[in-house]
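Structure file entry_25.cif; described as mmCIF, C-alpha atoms.
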data_coords
#
loop_
_atom_site.label_atom_id
_atom_site.label_comp_id
_atom_site.auth_asym_id
_atom_site.auth_seq_id
_atom_site.Cartn_x
_atom_site.Cartn_y
_atom_site.Cartn_z
CA VAL A 1078 -9.37 -0.41 -39.96
CA ARG A 1079 -8.36 -4.09 -39.99
CA GLY A 1080 -6.07 -4.99 -37.11
CA VAL A 1081 -6.41 -8.53 -35.77
CA TYR A 1082 -10.11 -8.84 -36.70
CA PRO A 1083 -10.57 -7.77 -40.35
CA GLY A 1084 -14.10 -6.94 -41.44
CA ALA A 1085 -15.71 -6.87 -37.99
CA PRO A 1086 -19.41 -6.07 -38.63
CA GLY A 1087 -21.22 -3.03 -37.28
CA ILE A 1088 -18.10 -1.46 -35.80
CA LYS A 1089 -16.64 1.97 -36.43
CA ILE A 1090 -13.04 2.55 -35.38
CA VAL A 1091 -11.48 5.99 -35.70
CA LYS A 1092 -7.88 7.15 -35.21
CA VAL A 1093 -7.99 10.55 -33.53
CA LEU A 1094 -4.36 11.34 -32.67
CA GLY A 1095 -1.98 13.03 -35.08
CA ASP A 1096 0.47 11.46 -37.52
CA ASN A 1097 3.65 12.64 -35.80
CA SER A 1098 6.33 9.96 -36.01
CA ARG A 1099 10.03 9.44 -35.97
CA SER A 1100 12.09 6.99 -37.98
CA THR A 1101 14.86 4.98 -36.31
CA GLY A 1102 17.31 3.05 -38.43
CA ASP A 1103 16.86 1.11 -41.63
CA ASP A 1104 13.84 -0.84 -40.42
CA ASP A 1105 11.74 2.36 -40.47
CA VAL A 1106 10.14 1.74 -37.09
CA ARG A 1107 7.77 4.59 -36.35
CA CYS A 1108 6.80 5.60 -32.81
CA GLY A 1109 3.99 8.14 -32.55
CA PHE A 1110 4.32 10.90 -29.98
CA THR A 1111 2.01 13.65 -28.80
CA TYR A 1112 1.31 16.00 -25.91
CA THR A 1113 -0.95 15.16 -22.97
CA SER A 1114 -3.22 18.08 -23.85
CA THR A 1115 -3.64 16.62 -27.33
CA ILE A 1116 -4.67 13.26 -25.84
CA LEU A 1117 -7.27 14.90 -23.61
CA HIS A 1118 -8.60 16.92 -26.54
CA ALA A 1119 -8.82 13.74 -28.63
CA ALA A 1120 -10.75 12.02 -25.82
CA GLU A 1121 -13.18 14.95 -25.71
CA TYR A 1122 -13.61 14.64 -29.46
CA CYS A 1123 -14.42 10.95 -29.03
CA ARG A 1124 -16.97 11.75 -26.34
CA ASP A 1125 -18.62 14.51 -28.37
CA SER A 1126 -18.75 12.23 -31.41
CA GLY A 1127 -20.65 9.55 -29.51
CA ALA A 1128 -17.79 7.09 -28.99
CA LYS A 1129 -18.11 4.73 -26.03
CA ILE A 1130 -14.63 3.14 -25.88
CA ILE A 1131 -11.20 4.74 -25.99
CA ASN A 1132 -8.04 2.68 -26.46
CA LEU A 1133 -4.75 4.21 -25.34
CA SER A 1134 -1.63 2.28 -26.30
CA LEU A 1135 0.56 4.95 -24.76
CA GLY A 1136 1.50 6.46 -21.43
CA ILE A 1137 4.09 8.04 -19.14
CA TYR A 1138 5.36 7.51 -15.60
CA ALA A 1139 3.93 10.81 -14.36
CA TYR A 1140 0.80 11.30 -12.25
CA SER A 1141 -1.54 14.24 -12.74
CA GLU A 1142 -4.55 14.98 -10.53
CA THR A 1143 -6.14 16.97 -13.35
CA GLN A 1144 -5.87 14.03 -15.72
CA GLU A 1145 -7.13 11.60 -13.09
CA ASP A 1146 -10.25 13.74 -12.65
CA PHE A 1147 -10.67 13.97 -16.42
CA TRP A 1148 -10.67 10.21 -16.98
CA GLN A 1149 -12.86 9.66 -13.91
CA ASP A 1150 -15.49 12.03 -15.32
CA LEU A 1151 -15.46 10.19 -18.64
CA PHE A 1152 -16.23 6.99 -16.73
CA ASP A 1153 -18.70 8.30 -14.12
CA ILE A 1154 -20.50 11.07 -15.99
CA ASP A 1155 -20.14 10.23 -19.67
CA GLY A 1156 -20.43 6.44 -19.25
CA MET A 1157 -17.37 5.67 -21.36
CA LEU A 1158 -14.72 2.97 -21.08
CA THR A 1159 -11.06 3.93 -21.32
CA ILE A 1160 -8.64 1.03 -21.81
CA ALA A 1161 -4.89 1.57 -21.70
CA ALA A 1162 -1.57 -0.26 -21.84
CA ALA A 1163 -0.18 -1.08 -18.39
CA GLY A 1164 3.31 -0.15 -19.58
CA ASN A 1165 6.48 -1.92 -20.67
CA ASP A 1166 9.25 -2.29 -18.11
CA TRP A 1167 11.57 -3.94 -20.64
CA TYR A 1168 14.69 -4.03 -18.50
CA GLY A 1169 13.22 -4.26 -15.00
CA TYR A 1170 14.18 -0.68 -14.15
CA TYR A 1171 10.73 0.30 -12.86
CA PRO A 1172 9.14 -2.70 -11.08
CA GLY A 1173 5.89 -1.71 -9.43
CA TRP A 1174 5.88 1.79 -10.92
CA HIS A 1175 2.60 3.24 -12.12
CA TYR A 1176 2.14 4.01 -15.80
CA TYR A 1177 -0.49 6.62 -16.69
CA PRO A 1178 -3.25 6.91 -17.74
CA ALA A 1179 -3.53 3.13 -17.25
CA SER A 1180 -2.98 3.40 -13.50
CA TYR A 1181 -5.88 5.76 -12.87
CA SER A 1182 -8.60 3.64 -11.24
CA SER A 1183 -11.25 4.65 -13.79
CA VAL A 1184 -9.07 3.31 -16.63
CA ILE A 1185 -8.75 -0.42 -17.38
CA SER A 1186 -5.03 -1.24 -17.16
CA VAL A 1187 -4.03 -4.12 -19.46
CA ALA A 1188 -1.02 -6.39 -18.93
CA ALA A 1189 0.50 -8.56 -21.66
CA THR A 1190 0.65 -12.37 -21.80
CA LYS A 1191 2.52 -14.82 -23.98
CA SER A 1192 0.96 -17.64 -26.02
CA ASP A 1193 1.44 -20.08 -23.13
CA LYS A 1194 -0.63 -17.86 -20.80
CA THR A 1195 2.36 -16.73 -18.77
CA ILE A 1196 3.00 -13.06 -18.17
CA ALA A 1197 5.29 -11.36 -20.68
CA GLY A 1198 8.62 -10.42 -19.15
CA PHE A 1199 8.27 -6.77 -20.18
CA SER A 1200 4.73 -6.31 -18.84
CA GLN A 1201 4.61 -3.71 -16.08
CA HIS A 1202 3.12 -4.95 -12.81
CA ASN A 1203 1.56 -2.89 -10.05
CA ASP A 1204 -1.54 -2.67 -7.88
CA GLU A 1205 -3.57 -0.99 -10.65
CA VAL A 1206 -3.33 -3.76 -13.28
CA ASP A 1207 -6.90 -4.87 -14.04
CA ILE A 1208 -6.75 -7.57 -16.71
CA ALA A 1209 -4.36 -9.36 -19.07
CA ALA A 1210 -4.51 -10.05 -22.81
CA PRO A 1211 -2.19 -11.38 -25.54
CA GLY A 1212 0.67 -8.96 -26.09
CA GLN A 1213 3.73 -10.84 -27.35
CA ASP A 1214 4.45 -11.53 -31.03
CA ILE A 1215 1.14 -10.06 -32.20
CA LEU A 1216 0.63 -9.83 -35.97
CA SER A 1217 -1.35 -6.77 -37.03
CA THR A 1218 -1.42 -3.87 -39.44
CA PHE A 1219 1.62 -1.65 -39.23
CA GLY A 1220 2.53 1.78 -40.49
CA ILE A 1221 1.07 3.46 -43.54
CA GLY A 1222 -0.67 1.38 -46.17
CA THR A 1223 -1.58 -2.29 -45.92
CA GLY A 1224 1.61 -3.71 -44.42
CA THR A 1225 1.69 -6.00 -41.40
CA ALA A 1226 4.25 -6.67 -38.70
CA THR A 1227 4.72 -8.73 -35.55
CA MET A 1228 5.27 -6.67 -32.43
CA SER A 1229 5.21 -7.08 -28.64
CA GLY A 1230 4.09 -4.82 -25.81
CA THR A 1231 1.18 -3.95 -23.60
CA SER A 1232 0.24 -1.63 -26.46
CA MET A 1233 -0.64 -4.80 -28.37
CA ALA A 1234 -2.59 -6.22 -25.41
CA ALA A 1235 -4.83 -3.21 -24.75
CA PRO A 1236 -6.61 -3.30 -28.16
CA HIS A 1237 -7.63 -6.92 -27.51
CA VAL A 1238 -9.56 -5.75 -24.46
CA SER A 1239 -10.97 -2.76 -26.32
CA GLY A 1240 -12.13 -5.05 -29.13
CA VAL A 1241 -13.82 -7.48 -26.77
CA ALA A 1242 -15.47 -4.62 -24.89
CA LEU A 1243 -16.75 -3.25 -28.20
CA LEU A 1244 -18.19 -6.61 -29.26
CA LEU A 1245 -19.88 -7.11 -25.88
CA TRP A 1246 -21.36 -3.62 -25.78
CA ASN A 1247 -22.51 -3.89 -29.38
CA LYS A 1248 -24.40 -7.08 -28.46
CA TYR A 1249 -25.76 -5.76 -25.16
CA PRO A 1250 -26.29 -2.02 -25.74
CA ASN A 1251 -28.49 -1.64 -22.66
CA CYS A 1252 -25.63 -2.58 -20.34
CA THR A 1253 -23.52 0.19 -18.84
CA ASN A 1254 -19.78 0.76 -18.94
CA VAL A 1255 -19.63 -0.57 -15.38
CA ASP A 1256 -21.42 -3.75 -16.50
CA ILE A 1257 -19.05 -4.34 -19.42
CA ARG A 1258 -16.00 -3.81 -17.23
CA THR A 1259 -17.42 -6.06 -14.51
CA ALA A 1260 -18.16 -8.82 -17.02
CA MET A 1261 -14.63 -8.82 -18.41
CA GLU A 1262 -12.88 -8.69 -15.05
CA ARG A 1263 -15.16 -11.12 -13.21
CA THR A 1264 -14.94 -13.82 -15.89
CA ALA A 1265 -11.22 -13.50 -16.66
CA GLU A 1266 -9.20 -16.69 -16.30
CA ASP A 1267 -7.48 -16.51 -12.92
CA LEU A 1268 -3.75 -16.91 -13.47
CA GLY A 1269 -0.85 -16.28 -11.11
CA ASP A 1270 -1.79 -15.88 -7.45
CA PRO A 1271 -5.42 -16.72 -6.56
CA GLY A 1272 -7.68 -13.73 -7.03
CA ARG A 1273 -6.47 -10.42 -8.35
CA ASP A 1274 -2.69 -10.00 -8.46
CA ASP A 1275 -0.28 -7.32 -9.66
CA HIS A 1276 0.86 -9.21 -12.77
CA PHE A 1277 -2.36 -10.52 -14.37
CA GLY A 1278 -4.88 -8.31 -12.60
CA HIS A 1279 -8.12 -10.27 -12.47
CA GLY A 1280 -6.76 -12.69 -15.06
CA LEU A 1281 -6.69 -13.42 -18.78
CA LEU A 1282 -9.49 -11.88 -20.86
CA ARG A 1283 -12.20 -14.34 -22.04
CA TYR A 1284 -14.93 -13.24 -24.45
CA TYR A 1285 -17.39 -16.13 -24.25
CA GLU A 1286 -17.45 -16.21 -20.46
CA ALA A 1287 -17.98 -12.45 -20.32
CA GLU A 1288 -20.77 -12.70 -22.89
CA ALA A 1289 -22.48 -15.44 -20.87
CA CYS A 1290 -22.34 -13.28 -17.75
CA LEU A 1291 -24.02 -10.40 -19.57
CA ALA A 1292 -26.63 -12.74 -21.07
CA ASP A 1293 -27.66 -14.21 -17.70
CA THR A 1294 -31.45 -13.85 -17.44
CA THR A 1295 -31.44 -14.00 -13.64
CA TYR A 1296 -28.82 -11.28 -13.30
CA PRO A 1297 -28.77 -9.46 -16.65
CA CYS A 1298 -25.71 -7.41 -17.55
CA CYS A 1299 -23.57 -9.40 -15.10
CA THR A 1300 -25.17 -7.72 -12.08
CA GLY A 1301 -25.19 -10.82 -9.89
CA PRO A 1302 -23.00 -11.38 -6.84
CA ALA A 1303 -19.34 -12.00 -7.52
CA PRO A 1304 -18.24 -15.64 -7.11
CA PRO A 1305 -15.99 -16.34 -4.13
CA THR A 1306 -12.27 -16.19 -4.72
CA SER A 1307 -10.64 -19.61 -4.42
CA SER A 1308 -8.03 -19.97 -1.73
CA PRO A 1309 -4.72 -21.71 -2.36
CA THR A 1310 -4.57 -25.32 -1.24
CA SER A 1311 -2.58 -25.72 1.95
CA ALA A 1312 0.10 -28.36 2.15
CA PRO A 1313 -0.68 -31.21 4.58
CA ILE A 1314 0.77 -30.74 8.03
CA THR A 1315 3.26 -33.43 9.01
CA PRO A 1316 2.81 -34.41 12.67
CA ALA A 1317 5.80 -34.04 14.97
CA PRO A 1318 7.52 -37.29 15.97
CA THR A 1319 6.63 -38.75 19.35
CA ALA A 1320 9.47 -38.40 21.84
CA CYS A 1321 10.63 -41.30 24.00
CA PRO A 1322 9.47 -40.64 27.59
CA ASP A 1323 12.00 -40.27 30.40
CA THR A 1324 14.98 -41.05 28.22
CA THR A 1325 18.39 -39.45 28.61
CA PHE A 1326 21.33 -39.97 26.32
CA SER A 1327 24.91 -39.37 27.35
CA VAL A 1328 27.71 -39.18 24.83
CA ILE A 1329 31.30 -39.06 26.04
CA LEU A 1330 33.90 -38.39 23.39
CA ASN A 1331 37.63 -37.80 23.82
CA THR A 1332 39.33 -37.86 20.49
CA GLY A 1333 41.74 -35.83 18.48
CA ASN A 1334 40.06 -36.62 15.17
CA PHE A 1335 38.83 -33.27 13.83
CA PHE A 1336 36.33 -34.80 11.39
CA VAL A 1337 34.70 -36.84 14.13
CA LYS A 1338 34.32 -33.67 16.17
CA VAL A 1339 32.60 -31.88 13.32
CA LEU A 1340 30.29 -34.86 12.76
CA MET A 1341 29.32 -34.98 16.42
CA LEU A 1342 28.73 -31.23 16.45
CA LEU A 1343 26.31 -31.54 13.51
CA LEU A 1344 24.60 -34.45 15.27
CA PHE A 1345 24.23 -32.30 18.34
CA PHE A 1346 22.42 -29.51 16.46
CA ILE A 1347 20.17 -31.98 14.65
CA VAL A 1348 19.02 -33.95 17.67
CA ALA A 1349 19.21 -31.26 20.33
CA SER A 1350 15.95 -29.83 19.03
CA TYR A 1351 14.17 -32.58 21.00
CA ASP A 1352 13.98 -31.36 24.56
CA VAL A 1353 13.92 -34.86 26.09
CA TYR A 1354 17.50 -35.51 24.98
CA THR A 1355 20.49 -34.42 27.11
CA PHE A 1356 23.97 -34.39 25.65
CA LEU A 1357 27.09 -34.37 27.82
CA PHE A 1358 30.09 -33.41 25.70
CA PRO A 1359 33.58 -32.93 27.12
CA LEU A 1360 34.76 -29.38 26.53
CA ASN A 1361 37.64 -30.44 24.31
CA ILE A 1362 35.27 -31.62 21.54
CA PHE A 1363 35.45 -28.08 20.12
CA SER A 1364 39.23 -27.89 20.25
CA SER A 1365 41.37 -28.38 17.18
CA ARG A 1366 43.99 -30.82 18.44
#

Represent the structure contained in this file as structure tokens.
Amino acid sequence: VRGVYPGAPGIKIVKVLGDNSRSTGDDDVRCGFTYTSTILHAAEYCRDSGAKIINLSLGIYAYSETQEDFWQDLFDIDGMLTIAAAGNDWYGYYPGWHYYPASYSSVISVAATKSDKTIAGFSQHNDEVDIAAPGQDILSTFGIGTGTATMSGTSMAAPHVSGVALLLWNKYPNCTNVDIRTAMERTAEDLGDPGRDDHFGHGLLRYYEAEACLADTTYPCCTGPAPPTSSPTSAPITPAPTACPDTTFSVILNTGNFFVKVLMLLLFFIVASYDVYTFLFPLNIFSSR
């Protein structure tokens, strides 16, 4: 398997889902499809074969308690990491909707960013997004054989996180799945709103920072206390102007000029906010003659 990191040493990557596909148009774009039961069976095969990381560039907008329990057991009992695409809301039809299995809390939900570190317009956002990774215009292997193609989607972003998790765990095999996840999320580059947000999650994935957290000799495997979340800088408060003491203004206006009346009315609303001012307008200022 080559992908975006050809020849990665000491790594075994296996495709466990079937080869079902459909062709659409002359460009021969293939989209794999399968049943949920097949996905769960494939995950069990991964577990029984000794795999530690599962990447799922797929999903549906349908919650299942049975599936939630299944993925939770893989995380809690089997010590595995499941990483999945957060979903693609291409046309803004489903803002805030949850895409599964990514939106199960035991699964790392991955959003997609562009090359300028902004969130991709199609990337689904919700309160279960955990982390972000490159997902727009990604060049990788494509289809059968040795061809390549450039594609976009959270399905392109999720494998970046899976690859980084694999490299980290391969270097620090004594760390747990919780440690690897903590290292990636805690050291992600905070983008968007301060702290975790629904678009970037904890932020943009960073390998070297995560590796340094795991390598810390004081708190090995990134087990130290989490750094405080920075608060947004507040704008300086402009002091209110000092009012003139014991001052009363009286304005007497009798005119038929409509524009002058409008001007004086605007002046009234602007200055009347200061309680020390008293305006005495003749009633006919609001007439139209």

### Message
When you count all atoms listed in the file, which of these residues is closest to Asp1274 (chain A): A:Asp1125, A:Gly1230, A:Val1206, A:Asn1132?
### Response
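Comparing A:Asp1125, A:Gly1230, A:Val1206, A:Asn1132 against Asp1274 (chain A), the winner is A:Val1206.
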
### Task
Check what the PyMOL selection byres ((chain A and resi 1197) around 12) selects in the file above and give those residues as a ChimeraX atom specification.
/A:1163-1167,1187-1196,1198-1202,1209-1214,1229-1231,1233-1234,1276-1277

Hey, what's within 8 Å of Glu1262 (chain A) if we count all atoms listed in the file and toss same-chain stuff fewer than 2 positions away? As a PDB file with C-alpha atoms, keeping the file's coordinate frame, please?
ATOM      1  CA  ASP A1207      -6.900  -4.870 -14.040  1.00  0.00           C
ATOM      2  CA  ILE A1208      -6.750  -7.570 -16.710  1.00  0.00           C
ATOM      3  CA  ARG A1258     -16.000  -3.810 -17.230  1.00  0.00           C
ATOM      4  CA  THR A1259     -17.420  -6.060 -14.510  1.00  0.00           C
ATOM      5  CA  ALA A1260     -18.160  -8.820 -17.020  1.00  0.00           C
ATOM      6  CA  THR A1264     -14.940 -13.820 -15.890  1.00  0.00           C
ATOM      7  CA  ALA A1265     -11.220 -13.500 -16.660  1.00  0.00           C
ATOM      8  CA  HIS A1279      -8.120 -10.270 -12.470  1.00  0.00           C
ATOM      9  CA  GLY A1280      -6.760 -12.690 -15.060  1.00  0.00           C
ATOM     10  CA  LEU A1282      -9.490 -11.880 -20.860  1.00  0.00           C
TER      11      LEU A1282
END

### Query
What does the distance from CA of Pro1178 (chain A) to CA of Leu1281 (chain A) come to in Å, to one decimal?
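We find that CA of Pro1178 (chain A) and CA of Leu1281 (chain A) lie 20.6 Å from each other.
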
#### Entry: Residues returned when the PyMOL selection byres ((chain A and resi 1284) around 9) runs on this file, as an NGL selection string
:A and (1241-1242 or 1244-1245 or 1261 or 1264-1265 or 1282-1283 or 1285-1289)

### Message
Assuming the chain letters and numbering stay as they are in my file, what does the PyMOL selection byres ((chain A and resi 1156) around 12) actually select? List them as a ChimeraX atom specification.
### Response
/A:1124,1127-1131,1148-1155,1157-1159,1183,1251-1258

### Query
Between CA of Ile1090 (chain A) and CA of Thr1113 (chain A), what is the spacing in Å?
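Calculated distance between CA of Thr1113 (chain A) and CA of Ile1090 (chain A) is 21.4 Å.
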
### Message
Using Å and a single decimal, report how far CA of Pro1250 (chain A) sits from CA of Ser1134 (chain A).
### Response
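Computing the Euclidean distance for CA of Ser1134 (chain A) and CA of Pro1250 (chain A) yields 25.0 Å.
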
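Closest approach to Ser1239 (chain A) among A:Leu1216, A:Tyr1140, A:Leu1133, A:Leu1291 is made by A:Leu1133 (distances from only C-alpha atoms).
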
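Using all atoms listed in the file for every distance, the candidate list A:Leu1117, A:Ile1137, A:Ile1215, A:Val1238 yields A:Ile1137 as the residue closest to Tyr1177 (chain A).
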
### Summary
Using all atoms listed in the file, the best pick from A:Lys1089, A:Pro1172, A:Ser1232, A:Glu1205 as closest to Arg1273 (chain A) would be A:Glu1205
